[in-house]
Number of protein chains: 2
Amino acid sequence: VDDAFGHHELPFGVFSVPGHLDEPRVGVAVGRQILDLAALFGDDVFRQPVLNPFMAQGPPAWAATRRRIGELLDDHVSRVGVTDALVPAAGAQLHLPFEVADFVDFNSSLQHATNAGLILRPGTPPVRDNWRRMPVGYHARTGTVVVSGTPVVRPCGQFVDDGEIVFAPTRKLDVEAEVGFVVGTASRRGFGVATGEFDEHVFGVVLVLDWSARDIQALETVPLGPFLGKSFATTISPWVVPIEALAGARRPAPEQTPKPAKYLEVETPAAFDIRLELSINNSPVSTPSFASMYWTPPQQLAHLTANGAHVRTGDLFASGTVSDEVEFGSLLELSWDGAKPVRLADGGVRGYLADGDEVRLRATAHGTDGSSWYLGSAAGVVTPARHPGDSIGEPVG
Amino acid sequence: VDDAFGHHELPFGVFSVPGHLDEPRVGVAVGRQILDLAALFGDDVFRQPVLNPFMAQGPPAWAATRRRIGELLDDHVSRVGVTDALVPAAGAQLHLPFEVADFVDFNSSLQHATNAGLILRPGTPPVRDNWRRMPVGYHARTGTVVVSGTPVVRPCGQFVDDGEIVFAPTRKLDVEAEVGFVVGTASRRGFGVATGEFDEHVFGVVLVLDWSARDIQALETVPLGPFLGKSFATTISPWVVPIEALAGARRPAPEQTPKPAKYLEVETPAAFDIRLELSINNSPVSTPSFASMYWTPPQQLAHLTANGAHVRTGDLFASGTVSDEVEFGSLLELSWDGAKPVRLADGGVRGYLADGDEVRLRATAHGTDGSSWYLGSAAGVVTPARHPGDSIGEPVG
């Protein structure tokens, strides 16, 4: 992993070191090193295999910890003590940074919704009446959220092949580039979270690779939505960048017409200027802008709680595919369902992913003054399907 | 709560007693009493606020515990020692019995799928091509799964009213009567669970009230499926009846045409003869048969893992509305979306639920020899919507 953060992101993660892989604990990435917070502060909240206990402490504790770390790093005297708590990132193992409570995946890019509608439902209006009224989303599987670097096994499932339904390894393995938000502080059961309360609950940001088997998804999706076409794996970046670090990257939300319902109105800058870079086998294939999203994260949080559903520490909600008017965040759109294969730097072409492909998503947030904050990366290599013997490729009709 | 189990179900739950409400622990319901397993066995696995650690121990531990309890209860000498560990159920508080990992809700009744299609999508084939090929399902929210007795607040949401979209308390609050299965032993990541491996993973059965706001659901559901129309609350019964207790209630799966894919084939009896009783304000409104379900629980488990997604301790998967050819398990179907209101014993009529209504689901499993096993009950009272001021009833278009 070649993540190199600066001194201003101070992202939180969970790591272990060789010889002590069974002792994961909380660290902060600084340059190419990891600051061992358990060693530095001696606090039990950092001697944990997940960030959840720290995230549950809330914004004052998050801010105080960031401030203290910043002071220690800046102060040449205290820096000496800090040095003992620094571990080279190169040798460390990074773990899934938090236990996922509930995982909601939204569909908040107008360009992606339009593209998907045109490709998957030709002849009907690509974006339905509900889409501009609310951030449409669905619940996804939490148990298969994995940390960057975990191999992604090509899933089997039922889909239509040459007019008949087969159970076989997917032939349309795709990935969606997304940005995810991690809840630190729970909200109150039965009450919605106002858009202005976003910062009281959301701890930070991760990058999300939402692996998708388009053929499996196509057969199963009506009327209850995506299920096995998505639930085999979702990869997140190992470092959670605190929302506080991204204050300078906030932007006004895009114009929304029609005007959204009152509970979806935003007053403060609700969008984030984040540029993604999606690559396959080190060949960049797309660089979509997260600032282009129609629905913003505070609106997503307000919507998902508008019915009284509360959020809990460890809840993850993701943006849906980030596609802007020129850069698309999925192969479904980039290759137009395989019709226009994507050319890679090594000369290969891809309609969808091949076994052995390594997908990597990187991102950087930008301030209006030229400053920037690295958001890390999420990556996964596609490995061949497991063949459970005679059940592969067999027509089931 | 008027649950009265016999001596053969031996269902597991989590309870606390007055004066010690902060010390929930594992118990087994016997008649109108609770056997305090922490006191009886002195084992830490029972001195827990959830069943998960015990469920994770697997089938040999489950069977040994049941056998030991059965012996103690049957033996008049040991019974004396047991008496000290018995607590009156009347004064005890029952808690959510397990921490829910992932929650999948299926849609496995052909009658329900047909009814819902006829009502919600008139003019199109009520059951789609995919339905007889696989148990269609979706992921639901785990954080709002609540234990029987928890009030259900009428949710607000966006829906179409008189031609315009409003944000208001739902006017179509419904409930679906379902049967849920609780995973005890995790499966291996990347590998499916065969239908014949059901008993190695599934610990027991709960009853499920799947509260549903039909108007909210209708506006949001295409193309990603149910979301806020379902995510505000799901009520489960407090007592988990072990699968082992229901061996005598197993039945052959119904005939399935076309023949399902190999991974969905079942060899052993995969259905359960369970009769549900759904009542509103103590007035029975439906008594559907769970044995009538088209897709069986072992097939649901095989399907949800067919893409390599593993299950974990605490996973819950529910059947979907249980409707047979004559008895329907939701008000959507019973009142045909309000067109034929249901008459209650007190003279009231219901298209959908009114504030103050108490919904209760009970169930009993039946053996071919006339024996039966009580499955407990799940209940909830509907309380009025919370009004967040000016955002109620306001047109958002």
# chains A, B, ... in the order shown; residues from 1 in each chain; ligands from 1
$ interface_residues --of "chain B" --to "chain A" --cutoff "6 Å" --atoms "only C-alpha atoms" --output "PDB file with all heavy atoms, in the first residue's frame"
ATOM      1  N   TYR B 138     -34.285  -9.103   0.342  1.00  0.00           N
ATOM      2  CA  TYR B 138     -33.512  -7.853   0.400  1.00  0.00           C
ATOM      3  C   TYR B 138     -32.988  -7.674   1.817  1.00  0.00           C
ATOM      4  O   TYR B 138     -33.483  -8.289   2.757  1.00  0.00           O
ATOM      5  CB  TYR B 138     -34.381  -6.656  -0.020  1.00  0.00           C
ATOM      6  CG  TYR B 138     -35.464  -6.318   0.969  1.00  0.00           C
ATOM      7  CD1 TYR B 138     -35.345  -5.233   1.828  1.00  0.00           C
ATOM      8  CD2 TYR B 138     -36.607  -7.105   1.066  1.00  0.00           C
ATOM      9  CE1 TYR B 138     -36.330  -4.932   2.762  1.00  0.00           C
ATOM     10  CE2 TYR B 138     -37.588  -6.820   1.994  1.00  0.00           C
ATOM     11  CZ  TYR B 138     -37.448  -5.743   2.836  1.00  0.00           C
ATOM     12  OH  TYR B 138     -38.422  -5.460   3.762  1.00  0.00           O
ATOM     13  N   HIS B 139     -31.966  -6.840   1.940  1.00  0.00           N
ATOM     14  CA  HIS B 139     -31.435  -6.550   3.267  1.00  0.00           C
ATOM     15  C   HIS B 139     -32.292  -5.478   3.950  1.00  0.00           C
ATOM     16  O   HIS B 139     -32.697  -4.515   3.311  1.00  0.00           O
ATOM     17  CB  HIS B 139     -29.981  -6.071   3.177  1.00  0.00           C
ATOM     18  CG  HIS B 139     -29.025  -7.181   2.879  1.00  0.00           C
ATOM     19  ND1 HIS B 139     -28.651  -7.526   1.597  1.00  0.00           N
ATOM     20  CD2 HIS B 139     -28.401  -8.062   3.699  1.00  0.00           C
ATOM     21  CE1 HIS B 139     -27.819  -8.558   1.651  1.00  0.00           C
ATOM     22  NE2 HIS B 139     -27.654  -8.907   2.906  1.00  0.00           N
ATOM     23  N   ALA B 140     -32.522  -5.678   5.229  1.00  0.00           N
ATOM     24  CA  ALA B 140     -33.335  -4.731   5.994  1.00  0.00           C
ATOM     25  C   ALA B 140     -32.498  -4.160   7.132  1.00  0.00           C
ATOM     26  O   ALA B 140     -31.376  -4.607   7.387  1.00  0.00           O
ATOM     27  CB  ALA B 140     -34.585  -5.416   6.508  1.00  0.00           C
ATOM     28  N   PRO B 155     -44.575   6.331  11.527  1.00  0.00           N
ATOM     29  CA  PRO B 155     -43.489   7.080  10.879  1.00  0.00           C
ATOM     30  C   PRO B 155     -43.993   8.154   9.922  1.00  0.00           C
ATOM     31  O   PRO B 155     -45.090   8.044   9.371  1.00  0.00           O
ATOM     32  CB  PRO B 155     -42.750   5.989  10.101  1.00  0.00           C
ATOM     33  CG  PRO B 155     -43.833   5.025   9.728  1.00  0.00           C
ATOM     34  CD  PRO B 155     -44.786   5.001  10.903  1.00  0.00           C
ATOM     35  N   CYS B 156     -43.171   9.164   9.731  1.00  0.00           N
ATOM     36  CA  CYS B 156     -43.402  10.157   8.688  1.00  0.00           C
ATOM     37  C   CYS B 156     -42.581   9.794   7.452  1.00  0.00           C
ATOM     38  O   CYS B 156     -41.566   9.109   7.549  1.00  0.00           O
ATOM     39  CB  CYS B 156     -42.973  11.548   9.160  1.00  0.00           C
ATOM     40  SG  CYS B 156     -43.979  12.193  10.505  1.00  0.00           S
ATOM     41  N   GLY B 157     -43.024  10.286   6.336  1.00  0.00           N
ATOM     42  CA  GLY B 157     -42.279  10.046   5.111  1.00  0.00           C
ATOM     43  C   GLY B 157     -42.946  10.742   3.943  1.00  0.00           C
ATOM     44  O   GLY B 157     -44.002  11.365   4.100  1.00  0.00           O
ATOM     45  N   LEU B 224     -34.703   0.610  -6.201  1.00  0.00           N
ATOM     46  CA  LEU B 224     -33.800  -0.048  -5.249  1.00  0.00           C
ATOM     47  C   LEU B 224     -34.504  -0.837  -4.149  1.00  0.00           C
ATOM     48  O   LEU B 224     -33.842  -1.397  -3.279  1.00  0.00           O
ATOM     49  CB  LEU B 224     -32.824   0.975  -4.647  1.00  0.00           C
ATOM     50  CG  LEU B 224     -31.907   1.665  -5.665  1.00  0.00           C
ATOM     51  CD1 LEU B 224     -30.941   2.613  -4.957  1.00  0.00           C
ATOM     52  CD2 LEU B 224     -31.115   0.634  -6.466  1.00  0.00           C
ATOM     53  N   GLY B 225     -35.839  -0.873  -4.165  1.00  0.00           N
ATOM     54  CA  GLY B 225     -36.555  -1.686  -3.193  1.00  0.00           C
ATOM     55  C   GLY B 225     -37.003  -0.922  -1.964  1.00  0.00           C
ATOM     56  O   GLY B 225     -36.797   0.292  -1.847  1.00  0.00           O
ATOM     57  N   PHE B 227     -37.297   0.778   1.647  1.00  0.00           N
ATOM     58  CA  PHE B 227     -36.268   1.461   2.448  1.00  0.00           C
ATOM     59  C   PHE B 227     -36.951   2.055   3.678  1.00  0.00           C
ATOM     60  O   PHE B 227     -37.204   1.339   4.656  1.00  0.00           O
ATOM     61  CB  PHE B 227     -35.564   2.501   1.567  1.00  0.00           C
ATOM     62  CG  PHE B 227     -34.409   3.225   2.192  1.00  0.00           C
ATOM     63  CD1 PHE B 227     -33.574   2.590   3.084  1.00  0.00           C
ATOM     64  CD2 PHE B 227     -34.143   4.558   1.881  1.00  0.00           C
ATOM     65  CE1 PHE B 227     -32.499   3.268   3.660  1.00  0.00           C
ATOM     66  CE2 PHE B 227     -33.070   5.241   2.448  1.00  0.00           C
ATOM     67  CZ  PHE B 227     -32.257   4.588   3.344  1.00  0.00           C
ATOM     68  N   PHE B 232     -38.347   1.687   9.957  1.00  0.00           N
ATOM     69  CA  PHE B 232     -38.600   2.353  11.252  1.00  0.00           C
ATOM     70  C   PHE B 232     -38.745   1.363  12.405  1.00  0.00           C
ATOM     71  O   PHE B 232     -38.449   1.698  13.546  1.00  0.00           O
ATOM     72  CB  PHE B 232     -39.824   3.269  11.159  1.00  0.00           C
ATOM     73  CG  PHE B 232     -41.066   2.582  10.656  1.00  0.00           C
ATOM     74  CD1 PHE B 232     -42.035   2.115  11.537  1.00  0.00           C
ATOM     75  CD2 PHE B 232     -41.263   2.395   9.298  1.00  0.00           C
ATOM     76  CE1 PHE B 232     -43.173   1.475  11.074  1.00  0.00           C
ATOM     77  CE2 PHE B 232     -42.403   1.752   8.820  1.00  0.00           C
ATOM     78  CZ  PHE B 232     -43.351   1.288   9.709  1.00  0.00           C
ATOM     79  N   ALA B 261     -32.748 -24.611  -9.185  1.00  0.00           N
ATOM     80  CA  ALA B 261     -31.322 -24.856  -9.417  1.00  0.00           C
ATOM     81  C   ALA B 261     -30.797 -25.841  -8.370  1.00  0.00           C
ATOM     82  O   ALA B 261     -31.345 -25.960  -7.273  1.00  0.00           O
ATOM     83  CB  ALA B 261     -30.549 -23.544  -9.326  1.00  0.00           C
ATOM     84  N   LYS B 262     -29.720 -26.522  -8.723  1.00  0.00           N
ATOM     85  CA  LYS B 262     -29.178 -27.561  -7.850  1.00  0.00           C
ATOM     86  C   LYS B 262     -28.891 -27.054  -6.438  1.00  0.00           C
ATOM     87  O   LYS B 262     -29.155 -27.744  -5.454  1.00  0.00           O
ATOM     88  CB  LYS B 262     -27.907 -28.139  -8.478  1.00  0.00           C
ATOM     89  CG  LYS B 262     -27.451 -29.461  -7.880  1.00  0.00           C
ATOM     90  CD  LYS B 262     -26.309 -30.076  -8.664  1.00  0.00           C
ATOM     91  CE  LYS B 262     -26.777 -30.948  -9.814  1.00  0.00           C
ATOM     92  NZ  LYS B 262     -27.482 -32.156  -9.380  1.00  0.00           N
ATOM     93  N   ASN B 307     -23.678 -16.618  -3.315  1.00  0.00           N
ATOM     94  CA  ASN B 307     -22.655 -15.766  -3.944  1.00  0.00           C
ATOM     95  C   ASN B 307     -21.389 -15.675  -3.096  1.00  0.00           C
ATOM     96  O   ASN B 307     -20.509 -14.865  -3.373  1.00  0.00           O
ATOM     97  CB  ASN B 307     -23.226 -14.364  -4.208  1.00  0.00           C
ATOM     98  CG  ASN B 307     -23.569 -13.621  -2.916  1.00  0.00           C
ATOM     99  OD1 ASN B 307     -23.538 -14.215  -1.837  1.00  0.00           O
ATOM    100  ND2 ASN B 307     -23.903 -12.357  -3.033  1.00  0.00           N
ATOM    101  N   GLY B 308     -21.311 -16.489  -2.044  1.00  0.00           N
ATOM    102  CA  GLY B 308     -20.132 -16.477  -1.199  1.00  0.00           C
ATOM    103  C   GLY B 308     -20.273 -15.612   0.045  1.00  0.00           C
ATOM    104  O   GLY B 308     -19.380 -15.607   0.906  1.00  0.00           O
ATOM    105  N   ALA B 309     -21.377 -14.874   0.148  1.00  0.00           N
ATOM    106  CA  ALA B 309     -21.611 -14.093   1.375  1.00  0.00           C
ATOM    107  C   ALA B 309     -21.775 -15.081   2.527  1.00  0.00           C
ATOM    108  O   ALA B 309     -22.545 -16.034   2.420  1.00  0.00           O
ATOM    109  CB  ALA B 309     -22.856 -13.222   1.232  1.00  0.00           C
ATOM    110  N   SER B 391     -42.916  20.673   9.399  1.00  0.00           N
ATOM    111  CA  SER B 391     -42.588  19.852   8.229  1.00  0.00           C
ATOM    112  C   SER B 391     -43.634  18.771   7.985  1.00  0.00           C
ATOM    113  O   SER B 391     -43.457  17.905   7.167  1.00  0.00           O
ATOM    114  CB  SER B 391     -41.209  19.210   8.413  1.00  0.00           C
ATOM    115  OG  SER B 391     -41.220  18.360   9.522  1.00  0.00           O
ATOM    116  N   VAL B 396     -44.400  18.997  -0.820  1.00  0.00           N
ATOM    117  CA  VAL B 396     -42.991  19.283  -1.101  1.00  0.00           C
ATOM    118  C   VAL B 396     -42.764  19.528  -2.582  1.00  0.00           C
ATOM    119  O   VAL B 396     -41.659  19.766  -3.013  1.00  0.00           O
ATOM    120  CB  VAL B 396     -42.064  18.153  -0.607  1.00  0.00           C
ATOM    121  CG1 VAL B 396     -42.187  18.019   0.892  1.00  0.00           C
ATOM    122  CG2 VAL B 396     -42.373  16.852  -1.308  1.00  0.00           C
TER     123      VAL B 396
END
$ residues_around --residues "range 355-368 of chain A" --least-positions-apart "3" --cutoff "7 Å" --atoms "only C-alpha atoms" --output "list in words"
Ala177, Gly248, Ala249, Asp273, Ile274, Arg275, Leu276, Glu277, Leu278, Ser279, Ile280, Asn281, Ser371, Ser372, Trp373, Tyr374, Leu375, Gly376, Ser377, Ala378, Ala379, Gly380, Val381, Val382, Thr383 and Pro384 of chain A
$ select_by_dssp --residues "range 93-168 of chain A" --states "strand (DSSP E or B)" --output "list of chain:residue names"
A:Gln93, A:Leu94, A:His95, A:Phe103, A:Val104, A:Asp105, A:Phe106, A:Gly137, A:Tyr138, A:His139, A:Ala140, A:Val145, A:Val146, A:Val147, A:Val152, A:Val153, A:Cys156, A:Gly157, A:Gln158, A:Phe159, A:Val160, A:Asp161, A:Glu164, A:Ile165, A:Val166, A:Phe167, A:Ala168
$ write_last_selection --atoms "N, CA and C atoms" --output "short mmCIF file (atom, residue, chain, number, x, y, z; two decimals), in the first residue's frame"
data_model
loop_
_atom_site.label_atom_id
_atom_site.label_comp_id
_atom_site.auth_asym_id
_atom_site.auth_seq_id
_atom_site.Cartn_x
_atom_site.Cartn_y
_atom_site.Cartn_z
N GLN A 93 0.03 -4.35 9.36
CA GLN A 93 -1.19 -4.90 8.75
C GLN A 93 -2.34 -3.98 9.11
N LEU A 94 -3.14 -3.61 8.10
CA LEU A 94 -4.29 -2.75 8.36
C LEU A 94 -5.56 -3.59 8.40
N HIS A 95 -6.41 -3.32 9.38
CA HIS A 95 -7.63 -4.11 9.58
C HIS A 95 -8.87 -3.29 9.20
N PHE A 103 -25.58 -0.52 7.06
CA PHE A 103 -24.92 0.00 5.86
C PHE A 103 -26.01 0.35 4.85
N VAL A 104 -26.11 1.63 4.55
CA VAL A 104 -27.06 2.10 3.55
C VAL A 104 -26.28 2.60 2.35
N ASP A 105 -26.69 2.15 1.17
CA ASP A 105 -26.05 2.62 -0.05
C ASP A 105 -27.04 3.49 -0.81
N PHE A 106 -26.65 4.73 -1.09
CA PHE A 106 -27.52 5.65 -1.82
C PHE A 106 -27.21 5.60 -3.31
N GLY A 137 -32.23 5.16 -1.68
CA GLY A 137 -31.17 4.27 -1.18
C GLY A 137 -31.75 2.94 -0.75
N TYR A 138 -30.88 2.07 -0.30
CA TYR A 138 -31.32 0.74 0.17
C TYR A 138 -30.30 0.24 1.19
N HIS A 139 -30.72 -0.73 1.98
CA HIS A 139 -29.81 -1.34 2.95
C HIS A 139 -28.97 -2.41 2.26
N ALA A 140 -27.71 -2.45 2.62
CA ALA A 140 -26.78 -3.42 2.03
C ALA A 140 -26.19 -4.29 3.14
N VAL A 145 -18.55 -6.32 4.29
CA VAL A 145 -17.70 -5.13 4.13
C VAL A 145 -16.29 -5.53 4.54
N VAL A 146 -15.34 -5.35 3.64
CA VAL A 146 -13.97 -5.80 3.90
C VAL A 146 -13.00 -4.64 3.72
N VAL A 147 -11.83 -4.80 4.32
CA VAL A 147 -10.84 -3.74 4.23
C VAL A 147 -10.06 -3.86 2.91
N VAL A 152 -11.26 -10.26 -3.88
CA VAL A 152 -12.69 -10.34 -4.18
C VAL A 152 -12.92 -11.54 -5.09
N VAL A 153 -13.56 -12.56 -4.57
CA VAL A 153 -13.82 -13.76 -5.34
C VAL A 153 -15.00 -13.51 -6.28
N CYS A 156 -20.81 -16.46 -7.86
CA CYS A 156 -21.77 -17.20 -8.68
C CYS A 156 -23.18 -16.70 -8.38
N GLY A 157 -24.04 -16.91 -9.34
CA GLY A 157 -25.44 -16.54 -9.14
C GLY A 157 -26.26 -16.91 -10.35
N GLN A 158 -27.54 -16.68 -10.26
CA GLN A 158 -28.44 -16.95 -11.37
C GLN A 158 -28.55 -15.70 -12.26
N PHE A 159 -28.47 -15.94 -13.57
CA PHE A 159 -28.69 -14.83 -14.50
C PHE A 159 -29.11 -15.41 -15.85
N VAL A 160 -29.55 -14.52 -16.72
CA VAL A 160 -30.01 -14.96 -18.03
C VAL A 160 -28.82 -15.01 -18.98
N ASP A 161 -28.63 -16.16 -19.60
CA ASP A 161 -27.54 -16.33 -20.56
C ASP A 161 -28.13 -16.97 -21.81
N GLU A 164 -31.62 -18.40 -21.51
CA GLU A 164 -32.04 -19.26 -20.41
C GLU A 164 -31.34 -18.88 -19.12
N ILE A 165 -31.97 -19.24 -17.99
CA ILE A 165 -31.41 -18.88 -16.69
C ILE A 165 -30.39 -19.92 -16.27
N VAL A 166 -29.18 -19.47 -15.95
CA VAL A 166 -28.12 -20.38 -15.49
C VAL A 166 -27.66 -19.93 -14.10
N PHE A 167 -27.01 -20.85 -13.40
CA PHE A 167 -26.29 -20.52 -12.16
C PHE A 167 -24.82 -20.68 -12.48
N ALA A 168 -24.08 -19.61 -12.47
CA ALA A 168 -22.69 -19.63 -12.96
C ALA A 168 -21.95 -18.43 -12.40
#
$ closest_atom_pairs --of "range 76-126 of chain B" --to "range 42-58 of chain B" --cutoff "7 Å" --atoms "only C-alpha atoms" --output "tab-separated table"
residue	atom	partner	partner_atom	distance
B:Pro97	CA	B:Val50	CA	5.5
B:Phe98	CA	B:Val50	CA	4.6
B:Glu99	CA	B:Val50	CA	6.3
$ write_last_selection --atoms "N, CA and C atoms" --output "tab-separated table (two decimals), in the first residue's frame"
chain	number	residue	atom	x	y	z
B	97	PRO	N	-33.42	-10.47	22.36
B	97	PRO	CA	-32.66	-11.65	22.79
B	97	PRO	C	-31.27	-11.78	22.16
B	98	PHE	N	-31.05	-11.16	21.04
B	98	PHE	CA	-29.72	-11.29	20.42
B	98	PHE	C	-29.38	-10.01	19.68
B	99	GLU	N	-28.10	-9.80	19.49
B	99	GLU	CA	-27.63	-8.68	18.70
B	99	GLU	C	-27.73	-9.10	17.24
$ residues_around --residues "Phe5 in chain B" --least-positions-apart "4" --cutoff "7 Å" --atoms "only C-alpha atoms" --output "NGL selection string"
:B and (9 or 29-31 or 374)
$ write_last_selection --atoms "N, CA, C and O atoms" --output "CSV table (one decimal), in the first residue's frame"
chain,number,residue,atom,x,y,z
B,9,GLU,N,-40.5,-26.9,24.6
B,9,GLU,CA,-39.9,-25.9,23.7
B,9,GLU,C,-38.6,-25.5,24.2
B,9,GLU,O,-37.6,-25.4,23.5
B,29,ALA,N,-37.6,-20.2,29.1
B,29,ALA,CA,-39.0,-20.1,29.6
B,29,ALA,C,-39.5,-21.5,29.8
B,29,ALA,O,-39.5,-22.4,28.9
B,30,VAL,N,-40.1,-21.7,31.0
B,30,VAL,CA,-40.7,-23.0,31.3
B,30,VAL,C,-42.0,-22.7,32.0
B,30,VAL,O,-42.1,-22.1,33.1
B,31,GLY,N,-43.1,-23.0,31.3
B,31,GLY,CA,-44.4,-22.6,31.9
B,31,GLY,C,-44.5,-21.1,32.0
B,31,GLY,O,-44.1,-20.4,31.1
B,374,TYR,N,-45.5,-24.4,21.3
B,374,TYR,CA,-45.8,-23.0,21.3
B,374,TYR,C,-44.6,-22.2,20.9
B,374,TYR,O,-43.4,-22.5,21.3
$ select_by_dssp --residues "range 118-359 of chain A" --states "alpha helix (DSSP H)" --output "list in words"
Leu118, Ile119, Leu120, Phe198, Asp199, Glu200, His201, Arg214, Asp215, Ile216, Gln217, Ala218, Leu219, Glu220, Pro297, Pro298, Gln299, Gln300, Leu301, Ala302, His303, Leu304, Leu331, Leu332, Glu333 and Leu334 of chain A
$ atom_distance --atom1 "CA of Leu35 in chain A" --atom2 "CA of Leu86 in chain A"
4.6 Å
$ residues_around --residues "Leu10 in chain A" --least-positions-apart "6" --cutoff "9 Å" --atoms "only C-alpha atoms" --output "mmCIF file with all heavy atoms, in the first residue's frame"
data_model
loop_
_atom_site.group_PDB
_atom_site.id
_atom_site.type_symbol
_atom_site.label_atom_id
_atom_site.label_comp_id
_atom_site.auth_asym_id
_atom_site.auth_seq_id
_atom_site.Cartn_x
_atom_site.Cartn_y
_atom_site.Cartn_z
ATOM 1 N N VAL A 28 -2.993 6.447 13.953
ATOM 2 C CA VAL A 28 -3.244 7.564 13.046
ATOM 3 C C VAL A 28 -2.110 7.576 12.029
ATOM 4 O O VAL A 28 -0.937 7.465 12.403
ATOM 5 C CB VAL A 28 -3.314 8.895 13.829
ATOM 6 C CG1 VAL A 28 -3.109 10.088 12.907
ATOM 7 C CG2 VAL A 28 -4.646 9.017 14.554
ATOM 8 N N ALA A 29 -2.460 7.696 10.743
ATOM 9 C CA ALA A 29 -1.433 7.702 9.697
ATOM 10 C C ALA A 29 -0.835 9.096 9.563
ATOM 11 O O ALA A 29 -1.550 10.093 9.431
ATOM 12 C CB ALA A 29 -2.039 7.265 8.365
ATOM 13 N N VAL A 30 0.498 9.137 9.619
ATOM 14 C CA VAL A 30 1.239 10.390 9.447
ATOM 15 C C VAL A 30 2.365 10.097 8.463
ATOM 16 O O VAL A 30 3.274 9.328 8.772
ATOM 17 C CB VAL A 30 1.841 10.877 10.778
ATOM 18 C CG1 VAL A 30 2.532 12.226 10.585
ATOM 19 C CG2 VAL A 30 0.768 10.978 11.857
ATOM 20 N N ARG A 66 -7.485 15.027 17.997
ATOM 21 C CA ARG A 66 -6.801 15.577 16.813
ATOM 22 C C ARG A 66 -5.889 16.743 17.189
ATOM 23 O O ARG A 66 -4.758 16.850 16.710
ATOM 24 C CB ARG A 66 -7.836 16.079 15.793
ATOM 25 C CG ARG A 66 -8.279 15.065 14.771
ATOM 26 C CD ARG A 66 -9.320 15.671 13.829
ATOM 27 N NE ARG A 66 -8.794 16.765 13.035
ATOM 28 C CZ ARG A 66 -8.066 16.605 11.936
ATOM 29 N NH1 ARG A 66 -7.768 15.404 11.516
ATOM 30 N NH2 ARG A 66 -7.636 17.656 11.262
ATOM 31 N N ILE A 69 -2.762 15.513 19.022
ATOM 32 C CA ILE A 69 -1.819 14.866 18.102
ATOM 33 C C ILE A 69 -1.096 15.926 17.273
ATOM 34 O O ILE A 69 0.122 15.870 17.082
ATOM 35 C CB ILE A 69 -2.546 13.854 17.180
ATOM 36 C CG1 ILE A 69 -3.091 12.685 18.006
ATOM 37 C CG2 ILE A 69 -1.618 13.345 16.078
ATOM 38 C CD1 ILE A 69 -4.042 11.775 17.237
ATOM 39 N N GLY A 70 -1.871 16.893 16.796
ATOM 40 C CA GLY A 70 -1.280 17.962 15.997
ATOM 41 C C GLY A 70 -0.218 18.724 16.770
ATOM 42 O O GLY A 70 0.868 19.015 16.252
ATOM 43 N N VAL A 240 -9.923 6.152 8.133
ATOM 44 C CA VAL A 240 -11.105 7.002 8.190
ATOM 45 C C VAL A 240 -10.641 8.444 8.412
ATOM 46 O O VAL A 240 -10.070 8.765 9.458
ATOM 47 C CB VAL A 240 -12.047 6.587 9.339
ATOM 48 C CG1 VAL A 240 -13.327 7.410 9.305
ATOM 49 C CG2 VAL A 240 -12.357 5.090 9.267
ATOM 50 N N VAL A 241 -10.861 9.286 7.413
ATOM 51 C CA VAL A 241 -10.441 10.683 7.529
ATOM 52 C C VAL A 241 -11.542 11.467 8.246
ATOM 53 O O VAL A 241 -12.691 11.484 7.795
ATOM 54 C CB VAL A 241 -10.168 11.299 6.139
ATOM 55 C CG1 VAL A 241 -9.814 12.782 6.269
ATOM 56 C CG2 VAL A 241 -9.044 10.545 5.440
ATOM 57 N N PRO A 242 -11.211 12.096 9.375
ATOM 58 C CA PRO A 242 -12.235 12.816 10.131
ATOM 59 C C PRO A 242 -12.882 13.927 9.307
ATOM 60 O O PRO A 242 -12.201 14.631 8.552
ATOM 61 C CB PRO A 242 -11.467 13.401 11.322
ATOM 62 C CG PRO A 242 -10.293 12.491 11.492
ATOM 63 C CD PRO A 242 -9.922 12.074 10.093
ATOM 64 N N ALA A 245 -11.310 17.307 9.393
ATOM 65 C CA ALA A 245 -10.158 17.598 8.542
ATOM 66 C C ALA A 245 -10.572 18.189 7.201
ATOM 67 O O ALA A 245 -9.758 18.798 6.506
ATOM 68 C CB ALA A 245 -9.339 16.331 8.319
#
$ residues_around --residues "Thr83 in chain B" --least-positions-apart "4" --cutoff "12 Å" --atoms "only C-alpha atoms" --output "JSON, numbers by chain"
{"B": [30, 33, 34, 35, 36, 37, 39, 40, 72, 73, 75, 76, 77, 78, 79, 87, 88]}
$ residues_around --residues "range 90-92 of chain B" --least-positions-apart "5" --cutoff "9 Å" --atoms "only C-alpha atoms" --output "NGL selection string"
:B and (1-2 or 15-18 or 21 or 32-34)
$ atom_distance --atom1 "CA of Leu344 in chain B" --atom2 "CA of Ser286 in chain B"
11.2 Å
